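*Asks:* Below is one structure. I have some questions about it.
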Amino acid sequence: MYPSILAVFAHPDDESLLAGGVLAQHHAARARTAVVTATWTPDSRRAPELANALAVLGAGKPRLLGYNDARNPEAAPGRPRLVDAPLDEAVGHLVAHIRDFRPDIVITHDAVGQLTGHPDHVRTHQITLLAVEAAALAHLHPDAGPPWQPSAMYAATHPVSGVGPLRALLEGVGKRILAVPDSYVTTTIDVTPYTEVKWRAISSHAGEIARERSLPGILARLPEADRHRIQTEHFTRLNTGPVRGDPTQLTA
């Protein structure tokens, strides 16, 4: 039986790009999956695209924290940027989702901010680390529901050896590359059987597909045969202690 997953990412499309294959894999195995998105609001233009992507992946309805994007004020006009929001407030909002969904596994960004170091990615990583710990402690955020302790937490990441052609493509549009050492990766999953589903989920973010500098847009302009990099997803288990279970699967 596959464990349930709650994925916590900064922006709409992160879920599809970084863990779409794993989410589709677990849904196909009838495991519960859901996604929390830290920025953008339910009435924003990207919310319907996110809903479509999650429907493709079988990950339920959007759970949007509604903070503003550090680089796009259109995400949540009048709301604080995620990077400026009070830390305890943001952690409390996420604790409520963890306690409501009660996942076996939580997935989020890595500490360097996922290839390009976007500040929202880094902040989401920090908030999720704190929320996973706080969710288990009854005296923290007592109004957010009964305590729940996920069994494992993973960071979606990109090892140096796995960047490949993406390096030149991203650097070609002025973006930096922040890959991690290969030794940082604990779990590498071949999601080839779910590549079509993952690509349909990525393509649901039509606004990003249309942008020249976004990763969905870059991938969309590649020949289909060259999109093979989305067939492998890399993760780092963040729990202390030895890694348990099968290193080719996410284990609780």
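If you're wondering about the labels, chains in the structure tokens are A, B, ... by order shown, residues count from 1 in each chain, ligands from 1 in order shown.
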Find the residues near range 163-180 of chain A: any atom within 12 Å, counting only C-alpha atoms, skip ones fewer than 6 places away on the same chain, and give them as an mmCIF file with all heavy atoms, in the first residue's frame.

*Replies:*
data_model
loop_
_atom_site.group_PDB
_atom_site.id
_atom_site.type_symbol
_atom_site.label_atom_id
_atom_site.label_comp_id
_atom_site.auth_asym_id
_atom_site.auth_seq_id
_atom_site.Cartn_x
_atom_site.Cartn_y
_atom_site.Cartn_z
ATOM 1 N N ASP A 110 13.341 21.979 -1.701
ATOM 2 C CA ASP A 110 14.609 21.804 -0.983
ATOM 3 C C ASP A 110 15.087 23.149 -0.430
ATOM 4 O O ASP A 110 14.504 24.197 -0.687
ATOM 5 C CB ASP A 110 15.663 21.138 -1.870
ATOM 6 C CG ASP A 110 16.067 21.963 -3.087
ATOM 7 O OD1 ASP A 110 15.766 23.178 -3.143
ATOM 8 O OD2 ASP A 110 16.706 21.406 -3.997
ATOM 9 N N ALA A 111 16.164 23.098 0.346
ATOM 10 C CA ALA A 111 16.626 24.285 1.073
ATOM 11 C C ALA A 111 17.191 25.367 0.176
ATOM 12 O O ALA A 111 17.206 26.543 0.551
ATOM 13 C CB ALA A 111 17.672 23.877 2.109
ATOM 14 N N VAL A 112 17.659 25.002 -1.027
ATOM 15 C CA VAL A 112 18.258 26.004 -1.915
ATOM 16 C C VAL A 112 17.230 26.673 -2.818
ATOM 17 O O VAL A 112 17.539 27.626 -3.525
ATOM 18 C CB VAL A 112 19.405 25.408 -2.764
ATOM 19 C CG1 VAL A 112 20.516 24.889 -1.887
ATOM 20 C CG2 VAL A 112 18.899 24.325 -3.709
ATOM 21 N N GLY A 113 16.005 26.156 -2.816
ATOM 22 C CA GLY A 113 14.955 26.827 -3.593
ATOM 23 C C GLY A 113 14.788 26.324 -4.997
ATOM 24 O O GLY A 113 14.377 27.079 -5.884
ATOM 25 N N GLN A 114 15.110 25.062 -5.232
ATOM 26 C CA GLN A 114 14.725 24.412 -6.475
ATOM 27 C C GLN A 114 15.326 25.043 -7.728
ATOM 28 O O GLN A 114 14.686 25.825 -8.414
ATOM 29 C CB GLN A 114 13.207 24.441 -6.620
ATOM 30 C CG GLN A 114 12.627 23.111 -7.028
ATOM 31 C CD GLN A 114 12.629 22.136 -5.872
ATOM 32 O OE1 GLN A 114 12.088 22.414 -4.809
ATOM 33 N NE2 GLN A 114 13.245 21.004 -6.063
ATOM 34 N N LEU A 115 16.528 24.730 -8.029
ATOM 35 C CA LEU A 115 17.215 25.147 -9.244
ATOM 36 C C LEU A 115 17.471 26.645 -9.337
ATOM 37 O O LEU A 115 18.605 27.085 -9.485
ATOM 38 C CB LEU A 115 16.457 24.694 -10.508
ATOM 39 C CG LEU A 115 16.590 23.233 -10.931
ATOM 40 C CD1 LEU A 115 15.801 22.975 -12.208
ATOM 41 C CD2 LEU A 115 18.043 22.832 -11.133
ATOM 42 N N THR A 116 16.423 27.458 -9.259
ATOM 43 C CA THR A 116 16.594 28.892 -9.486
ATOM 44 C C THR A 116 16.672 29.703 -8.196
ATOM 45 O O THR A 116 16.900 30.910 -8.240
ATOM 46 C CB THR A 116 15.430 29.443 -10.338
ATOM 47 O OG1 THR A 116 14.192 29.225 -9.642
ATOM 48 C CG2 THR A 116 15.373 28.743 -11.686
ATOM 49 N N GLY A 117 16.466 29.072 -7.047
ATOM 50 C CA GLY A 117 16.571 29.782 -5.779
ATOM 51 C C GLY A 117 15.491 30.810 -5.540
ATOM 52 O O GLY A 117 15.716 31.802 -4.837
ATOM 53 N N HIS A 118 14.301 30.594 -6.086
ATOM 54 C CA HIS A 118 13.215 31.565 -5.898
ATOM 55 C C HIS A 118 12.966 31.748 -4.399
ATOM 56 O O HIS A 118 12.865 30.767 -3.645
ATOM 57 C CB HIS A 118 11.943 31.065 -6.579
ATOM 58 C CG HIS A 118 10.887 32.108 -6.742
ATOM 59 N ND1 HIS A 118 10.248 32.702 -5.666
ATOM 60 C CD2 HIS A 118 10.355 32.685 -7.852
ATOM 61 C CE1 HIS A 118 9.369 33.578 -6.105
ATOM 62 N NE2 HIS A 118 9.404 33.595 -7.427
ATOM 63 N N VAL A 122 12.303 28.944 -1.096
ATOM 64 C CA VAL A 122 13.098 28.839 0.128
ATOM 65 C C VAL A 122 12.203 29.045 1.352
ATOM 66 O O VAL A 122 12.281 28.297 2.337
ATOM 67 C CB VAL A 122 14.243 29.867 0.114
ATOM 68 C CG1 VAL A 122 14.985 29.852 1.438
ATOM 69 C CG2 VAL A 122 15.204 29.583 -1.044
ATOM 70 N N ALA A 155 12.185 16.457 0.634
ATOM 71 C CA ALA A 155 12.381 17.650 -0.188
ATOM 72 C C ALA A 155 12.577 17.220 -1.634
ATOM 73 O O ALA A 155 13.458 16.398 -1.934
ATOM 74 C CB ALA A 155 13.599 18.429 0.292
ATOM 75 N N ALA A 156 11.751 17.747 -2.525
ATOM 76 C CA ALA A 156 11.983 17.543 -3.956
ATOM 77 C C ALA A 156 13.230 18.341 -4.338
ATOM 78 O O ALA A 156 13.390 19.490 -3.916
ATOM 79 C CB ALA A 156 10.780 18.018 -4.760
ATOM 80 N N THR A 157 14.119 17.746 -5.114
ATOM 81 C CA THR A 157 15.395 18.402 -5.372
ATOM 82 C C THR A 157 15.923 18.067 -6.754
ATOM 83 O O THR A 157 15.317 17.268 -7.491
ATOM 84 C CB THR A 157 16.416 18.010 -4.274
ATOM 85 O OG1 THR A 157 17.524 18.885 -4.311
ATOM 86 C CG2 THR A 157 16.862 16.557 -4.431
ATOM 87 N N THR A 186 18.408 11.082 -1.522
ATOM 88 C CA THR A 186 18.212 9.778 -0.888
ATOM 89 C C THR A 186 17.287 8.875 -1.685
ATOM 90 O O THR A 186 17.317 7.659 -1.527
ATOM 91 C CB THR A 186 17.623 9.926 0.525
ATOM 92 O OG1 THR A 186 16.325 10.535 0.438
ATOM 93 C CG2 THR A 186 18.530 10.768 1.414
ATOM 94 N N ARG A 211 4.628 31.653 -21.261
ATOM 95 C CA ARG A 211 5.729 32.545 -20.887
ATOM 96 C C ARG A 211 7.061 31.995 -21.369
ATOM 97 O O ARG A 211 7.339 30.819 -21.234
ATOM 98 C CB ARG A 211 5.762 32.748 -19.375
ATOM 99 C CG ARG A 211 4.578 33.506 -18.819
ATOM 100 C CD ARG A 211 4.681 33.661 -17.306
ATOM 101 N NE ARG A 211 5.910 34.344 -16.947
ATOM 102 C CZ ARG A 211 6.765 33.921 -16.017
ATOM 103 N NH1 ARG A 211 6.536 32.798 -15.370
ATOM 104 N NH2 ARG A 211 7.843 34.608 -15.740
ATOM 105 N N GLU A 212 7.896 32.875 -21.900
ATOM 106 C CA GLU A 212 9.170 32.448 -22.474
ATOM 107 C C GLU A 212 10.144 31.961 -21.420
ATOM 108 O O GLU A 212 10.885 30.995 -21.639
ATOM 109 C CB GLU A 212 9.806 33.617 -23.248
ATOM 110 C CG GLU A 212 11.136 33.254 -23.903
ATOM 111 C CD GLU A 212 11.734 34.421 -24.653
ATOM 112 O OE1 GLU A 212 11.056 35.453 -24.799
ATOM 113 O OE2 GLU A 212 12.891 34.296 -25.093
ATOM 114 N N ARG A 213 10.154 32.585 -20.216
ATOM 115 C CA ARG A 213 11.191 32.285 -19.232
ATOM 116 C C ARG A 213 10.748 31.269 -18.181
ATOM 117 O O ARG A 213 11.539 30.883 -17.328
ATOM 118 C CB ARG A 213 11.649 33.573 -18.532
ATOM 119 C CG ARG A 213 12.282 34.592 -19.454
ATOM 120 C CD ARG A 213 12.785 35.818 -18.710
ATOM 121 N NE ARG A 213 13.958 35.523 -17.900
ATOM 122 C CZ ARG A 213 13.970 35.541 -16.565
ATOM 123 N NH1 ARG A 213 12.853 35.806 -15.886
ATOM 124 N NH2 ARG A 213 15.085 35.271 -15.893
ATOM 125 N N SER A 214 9.504 30.841 -18.207
ATOM 126 C CA SER A 214 9.051 29.870 -17.212
ATOM 127 C C SER A 214 9.491 28.472 -17.627
ATOM 128 O O SER A 214 9.643 28.157 -18.814
ATOM 129 C CB SER A 214 7.527 29.904 -17.077
ATOM 130 O OG SER A 214 6.919 29.303 -18.207
ATOM 131 N N LEU A 215 9.677 27.591 -16.632
ATOM 132 C CA LEU A 215 10.079 26.223 -16.945
ATOM 133 C C LEU A 215 9.016 25.480 -17.749
ATOM 134 O O LEU A 215 9.366 24.771 -18.712
ATOM 135 C CB LEU A 215 10.427 25.462 -15.661
ATOM 136 C CG LEU A 215 10.977 24.047 -15.842
ATOM 137 C CD1 LEU A 215 12.152 24.009 -16.811
ATOM 138 C CD2 LEU A 215 11.372 23.459 -14.492
ATOM 139 N N PRO A 216 7.710 25.607 -17.433
ATOM 140 C CA PRO A 216 6.724 24.968 -18.317
ATOM 141 C C PRO A 216 6.824 25.455 -19.758
ATOM 142 O O PRO A 216 6.707 24.667 -20.700
ATOM 143 C CB PRO A 216 5.382 25.370 -17.690
ATOM 144 C CG PRO A 216 5.701 25.553 -16.251
ATOM 145 C CD PRO A 216 7.071 26.182 -16.235
ATOM 146 N N GLY A 217 7.047 26.766 -19.941
ATOM 147 C CA GLY A 217 7.188 27.297 -21.301
ATOM 148 C C GLY A 217 8.409 26.767 -21.994
ATOM 149 O O GLY A 217 8.381 26.440 -23.196
ATOM 150 N N ILE A 218 9.516 26.659 -21.267
ATOM 151 C CA ILE A 218 10.749 26.113 -21.843
ATOM 152 C C ILE A 218 10.541 24.665 -22.261
ATOM 153 O O ILE A 218 10.918 24.255 -23.369
ATOM 154 C CB ILE A 218 11.900 26.228 -20.820
ATOM 155 C CG1 ILE A 218 12.295 27.703 -20.640
ATOM 156 C CG2 ILE A 218 13.116 25.407 -21.269
ATOM 157 C CD1 ILE A 218 13.247 27.936 -19.488
ATOM 158 N N LEU A 219 9.931 23.873 -21.390
ATOM 159 C CA LEU A 219 9.686 22.462 -21.713
ATOM 160 C C LEU A 219 8.735 22.320 -22.898
ATOM 161 O O LEU A 219 8.908 21.427 -23.741
ATOM 162 C CB LEU A 219 9.103 21.745 -20.493
ATOM 163 C CG LEU A 219 10.046 21.553 -19.299
ATOM 164 C CD1 LEU A 219 9.276 21.006 -18.106
ATOM 165 C CD2 LEU A 219 11.205 20.633 -19.667
ATOM 166 N N ALA A 220 7.735 23.195 -22.965
ATOM 167 C CA ALA A 220 6.752 23.098 -24.048
ATOM 168 C C ALA A 220 7.371 23.344 -25.409
ATOM 169 O O ALA A 220 6.874 22.839 -26.428
ATOM 170 C CB ALA A 220 5.614 24.084 -23.799
ATOM 171 N N ARG A 221 8.443 24.115 -25.450
ATOM 172 C CA ARG A 221 9.091 24.414 -26.729
ATOM 173 C C ARG A 221 10.090 23.344 -27.150
ATOM 174 O O ARG A 221 10.644 23.410 -28.255
ATOM 175 C CB ARG A 221 9.778 25.786 -26.650
ATOM 176 C CG ARG A 221 8.790 26.949 -26.528
ATOM 177 C CD ARG A 221 9.475 28.300 -26.725
ATOM 178 N NE ARG A 221 10.474 28.558 -25.694
ATOM 179 C CZ ARG A 221 10.200 29.093 -24.493
ATOM 180 N NH1 ARG A 221 8.951 29.386 -24.184
ATOM 181 N NH2 ARG A 221 11.161 29.324 -23.626
ATOM 182 N N LEU A 222 10.338 22.375 -26.293
ATOM 183 C CA LEU A 222 11.247 21.287 -26.641
ATOM 184 C C LEU A 222 10.520 20.233 -27.468
ATOM 185 O O LEU A 222 9.308 20.034 -27.312
ATOM 186 C CB LEU A 222 11.775 20.615 -25.367
ATOM 187 C CG LEU A 222 12.718 21.406 -24.467
ATOM 188 C CD1 LEU A 222 13.045 20.573 -23.231
ATOM 189 C CD2 LEU A 222 13.995 21.759 -25.216
ATOM 190 N N ASP A 226 12.668 15.183 -26.201
ATOM 191 C CA ASP A 226 13.676 15.805 -25.341
ATOM 192 C C ASP A 226 13.141 16.154 -23.951
ATOM 193 O O ASP A 226 13.863 16.705 -23.124
ATOM 194 C CB ASP A 226 14.215 17.085 -26.000
ATOM 195 C CG ASP A 226 15.043 16.786 -27.243
ATOM 196 O OD1 ASP A 226 15.450 15.623 -27.398
ATOM 197 O OD2 ASP A 226 15.263 17.710 -28.037
ATOM 198 N N ARG A 227 11.887 15.822 -23.686
ATOM 199 C CA ARG A 227 11.322 16.115 -22.371
ATOM 200 C C ARG A 227 11.567 14.983 -21.382
ATOM 201 O O ARG A 227 10.897 14.868 -20.358
ATOM 202 C CB ARG A 227 9.811 16.360 -22.494
ATOM 203 C CG ARG A 227 9.462 17.616 -23.266
ATOM 204 C CD ARG A 227 7.976 17.945 -23.078
ATOM 205 N NE ARG A 227 7.521 18.790 -24.169
ATOM 206 C CZ ARG A 227 6.524 18.504 -24.993
ATOM 207 N NH1 ARG A 227 5.855 17.368 -24.838
ATOM 208 N NH2 ARG A 227 6.180 19.320 -25.964
ATOM 209 N N HIS A 228 12.549 14.136 -21.683
ATOM 210 C CA HIS A 228 12.767 12.943 -20.873
ATOM 211 C C HIS A 228 13.158 13.259 -19.437
ATOM 212 O O HIS A 228 13.036 12.415 -18.555
ATOM 213 C CB HIS A 228 13.840 12.060 -21.512
ATOM 214 C CG HIS A 228 15.186 12.718 -21.610
ATOM 215 N ND1 HIS A 228 15.487 13.628 -22.601
ATOM 216 C CD2 HIS A 228 16.284 12.619 -20.831
ATOM 217 C CE1 HIS A 228 16.733 14.047 -22.434
ATOM 218 N NE2 HIS A 228 17.235 13.453 -21.370
ATOM 219 N N ARG A 229 13.630 14.490 -19.173
ATOM 220 C CA ARG A 229 14.057 14.817 -17.816
ATOM 221 C C ARG A 229 12.886 14.806 -16.827
ATOM 222 O O ARG A 229 13.106 14.685 -15.627
ATOM 223 C CB ARG A 229 14.733 16.184 -17.790
ATOM 224 C CG ARG A 229 16.100 16.192 -18.456
ATOM 225 C CD ARG A 229 17.118 15.412 -17.655
ATOM 226 N NE ARG A 229 18.344 15.188 -18.421
ATOM 227 C CZ ARG A 229 19.371 14.472 -17.981
ATOM 228 N NH1 ARG A 229 19.317 13.907 -16.794
ATOM 229 N NH2 ARG A 229 20.439 14.301 -18.723
ATOM 230 N N ILE A 230 11.664 14.922 -17.304
ATOM 231 C CA ILE A 230 10.535 14.910 -16.368
ATOM 232 C C ILE A 230 10.166 13.485 -15.970
ATOM 233 O O ILE A 230 9.255 13.278 -15.181
ATOM 234 C CB ILE A 230 9.306 15.647 -16.932
ATOM 235 C CG1 ILE A 230 8.658 14.872 -18.084
ATOM 236 C CG2 ILE A 230 9.648 17.055 -17.356
ATOM 237 C CD1 ILE A 230 7.313 15.431 -18.508
ATOM 238 N N THR A 232 12.098 11.457 -14.307
ATOM 239 C CA THR A 232 12.778 11.102 -13.059
ATOM 240 C C THR A 232 12.569 12.211 -12.034
ATOM 241 O O THR A 232 12.744 13.383 -12.346
ATOM 242 C CB THR A 232 14.291 10.914 -13.293
ATOM 243 O OG1 THR A 232 14.489 9.938 -14.328
ATOM 244 C CG2 THR A 232 14.973 10.436 -12.026
ATOM 245 N N GLU A 233 12.187 11.817 -10.833
ATOM 246 C CA GLU A 233 12.005 12.779 -9.748
ATOM 247 C C GLU A 233 12.909 12.404 -8.589
ATOM 248 O O GLU A 233 13.003 11.226 -8.210
ATOM 249 C CB GLU A 233 10.535 12.828 -9.316
ATOM 250 C CG GLU A 233 9.644 13.387 -10.432
ATOM 251 C CD GLU A 233 8.165 13.401 -10.111
ATOM 252 O OE1 GLU A 233 7.746 12.859 -9.067
ATOM 253 O OE2 GLU A 233 7.394 13.953 -10.923
ATOM 254 N N HIS A 234 13.591 13.408 -8.047
ATOM 255 C CA HIS A 234 14.585 13.198 -7.003
ATOM 256 C C HIS A 234 14.107 13.826 -5.690
ATOM 257 O O HIS A 234 13.529 14.915 -5.681
ATOM 258 C CB HIS A 234 15.918 13.846 -7.399
ATOM 259 C CG HIS A 234 16.461 13.354 -8.698
ATOM 260 N ND1 HIS A 234 17.158 12.178 -8.822
ATOM 261 C CD2 HIS A 234 16.416 13.891 -9.940
ATOM 262 C CE1 HIS A 234 17.521 12.002 -10.085
ATOM 263 N NE2 HIS A 234 17.077 13.031 -10.786
ATOM 264 N N PHE A 235 14.414 13.150 -4.590
ATOM 265 C CA PHE A 235 13.991 13.616 -3.275
ATOM 266 C C PHE A 235 15.080 13.373 -2.233
ATOM 267 O O PHE A 235 15.907 12.476 -2.381
ATOM 268 C CB PHE A 235 12.706 12.889 -2.832
ATOM 269 C CG PHE A 235 11.551 13.074 -3.764
ATOM 270 C CD1 PHE A 235 11.359 12.205 -4.831
ATOM 271 C CD2 PHE A 235 10.665 14.125 -3.597
ATOM 272 C CE1 PHE A 235 10.299 12.374 -5.707
ATOM 273 C CE2 PHE A 235 9.602 14.301 -4.472
ATOM 274 C CZ PHE A 235 9.426 13.428 -5.531
ATOM 275 N N THR A 236 15.026 14.176 -1.184
ATOM 276 C CA THR A 236 15.883 13.983 -0.024
ATOM 277 C C THR A 236 14.999 13.787 1.197
ATOM 278 O O THR A 236 14.148 14.638 1.492
ATOM 279 C CB THR A 236 16.791 15.201 0.207
ATOM 280 O OG1 THR A 236 17.615 15.379 -0.945
ATOM 281 C CG2 THR A 236 17.670 14.992 1.431
#

*Asks:* Any idea what's packed within 6 Å of Thr33 in chain A, counting only C-alpha atoms, ignoring anything in its chain fewer than 4 positions away? Could you give it as number ranges by chain?

*Replies:* A: 4-6, 59

*Asks:* For the selection just defined, write its residues with N, CA and C atoms to a file, as a PDB file, in the first residue's frame.

*Replies:*
ATOM      1  N   SER A   4      -0.032   7.991   2.019  1.00  0.00           N
ATOM      2  CA  SER A   4      -0.680   9.243   1.611  1.00  0.00           C
ATOM      3  C   SER A   4       0.346  10.370   1.589  1.00  0.00           C
ATOM      4  N   ILE A   5       0.112  11.348   0.711  1.00  0.00           N
ATOM      5  CA  ILE A   5       1.067  12.446   0.515  1.00  0.00           C
ATOM      6  C   ILE A   5       0.341  13.784   0.573  1.00  0.00           C
ATOM      7  N   LEU A   6       0.918  14.710   1.317  1.00  0.00           N
ATOM      8  CA  LEU A   6       0.547  16.124   1.233  1.00  0.00           C
ATOM      9  C   LEU A   6       1.764  16.868   0.692  1.00  0.00           C
ATOM     10  N   ALA A  59      -5.226  14.826  -7.185  1.00  0.00           N
ATOM     11  CA  ALA A  59      -4.782  15.362  -5.897  1.00  0.00           C
ATOM     12  C   ALA A  59      -5.807  16.288  -5.246  1.00  0.00           C
TER      13      ALA A  59
END

*Asks:* Name all residues at most 9 Å from Pro3 in chain A (count only C-alpha atoms; drop same-chain ones fewer than 4 positions away) and give them as number ranges by chain.

*Replies:* A: 26, 31-33, 103-105, 250-252

*Asks:* Return as an NGL selection string the full set of residues in range 59-236 of chain A whose backbone-based DSSP assignment is helix (DSSP H, G or I).

*Replies:* :A and (73-75 or 87-101 or 119-135 or 142-144 or 160-163 or 166-171 or 182-184 or 192-203 or 206-209 or 215-220 or 224-231)

*Asks:* Assign secondary structure with DSSP using the backbone only, and return the residues of range 2-216 of chain A in strand (DSSP E or B) as a VMD selection string.

*Replies:* chain A and resid 5 to 9 33 to 39 63 to 68 81 105 to 109 115 152 to 157 159 178 180 187 to 190

*Asks:* Name the closest residue to Gly20 in chain A among the candidates A:His205, A:Arg45, A:Arg71, A:Lys198; distances are taken between atoms, counting only C-alpha atoms.

*Replies:*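 Checking each candidate against Gly20 in chain A, we get A:Lys198 as the closest.
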
*Asks:* Quick one, how far is CA of Gly207 in chain A from CA of Leu18 in chain A?

*Replies:*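 Atom-to-atom, CA of Gly207 in chain A to CA of Leu18 in chain A, that is 17.8 Å.
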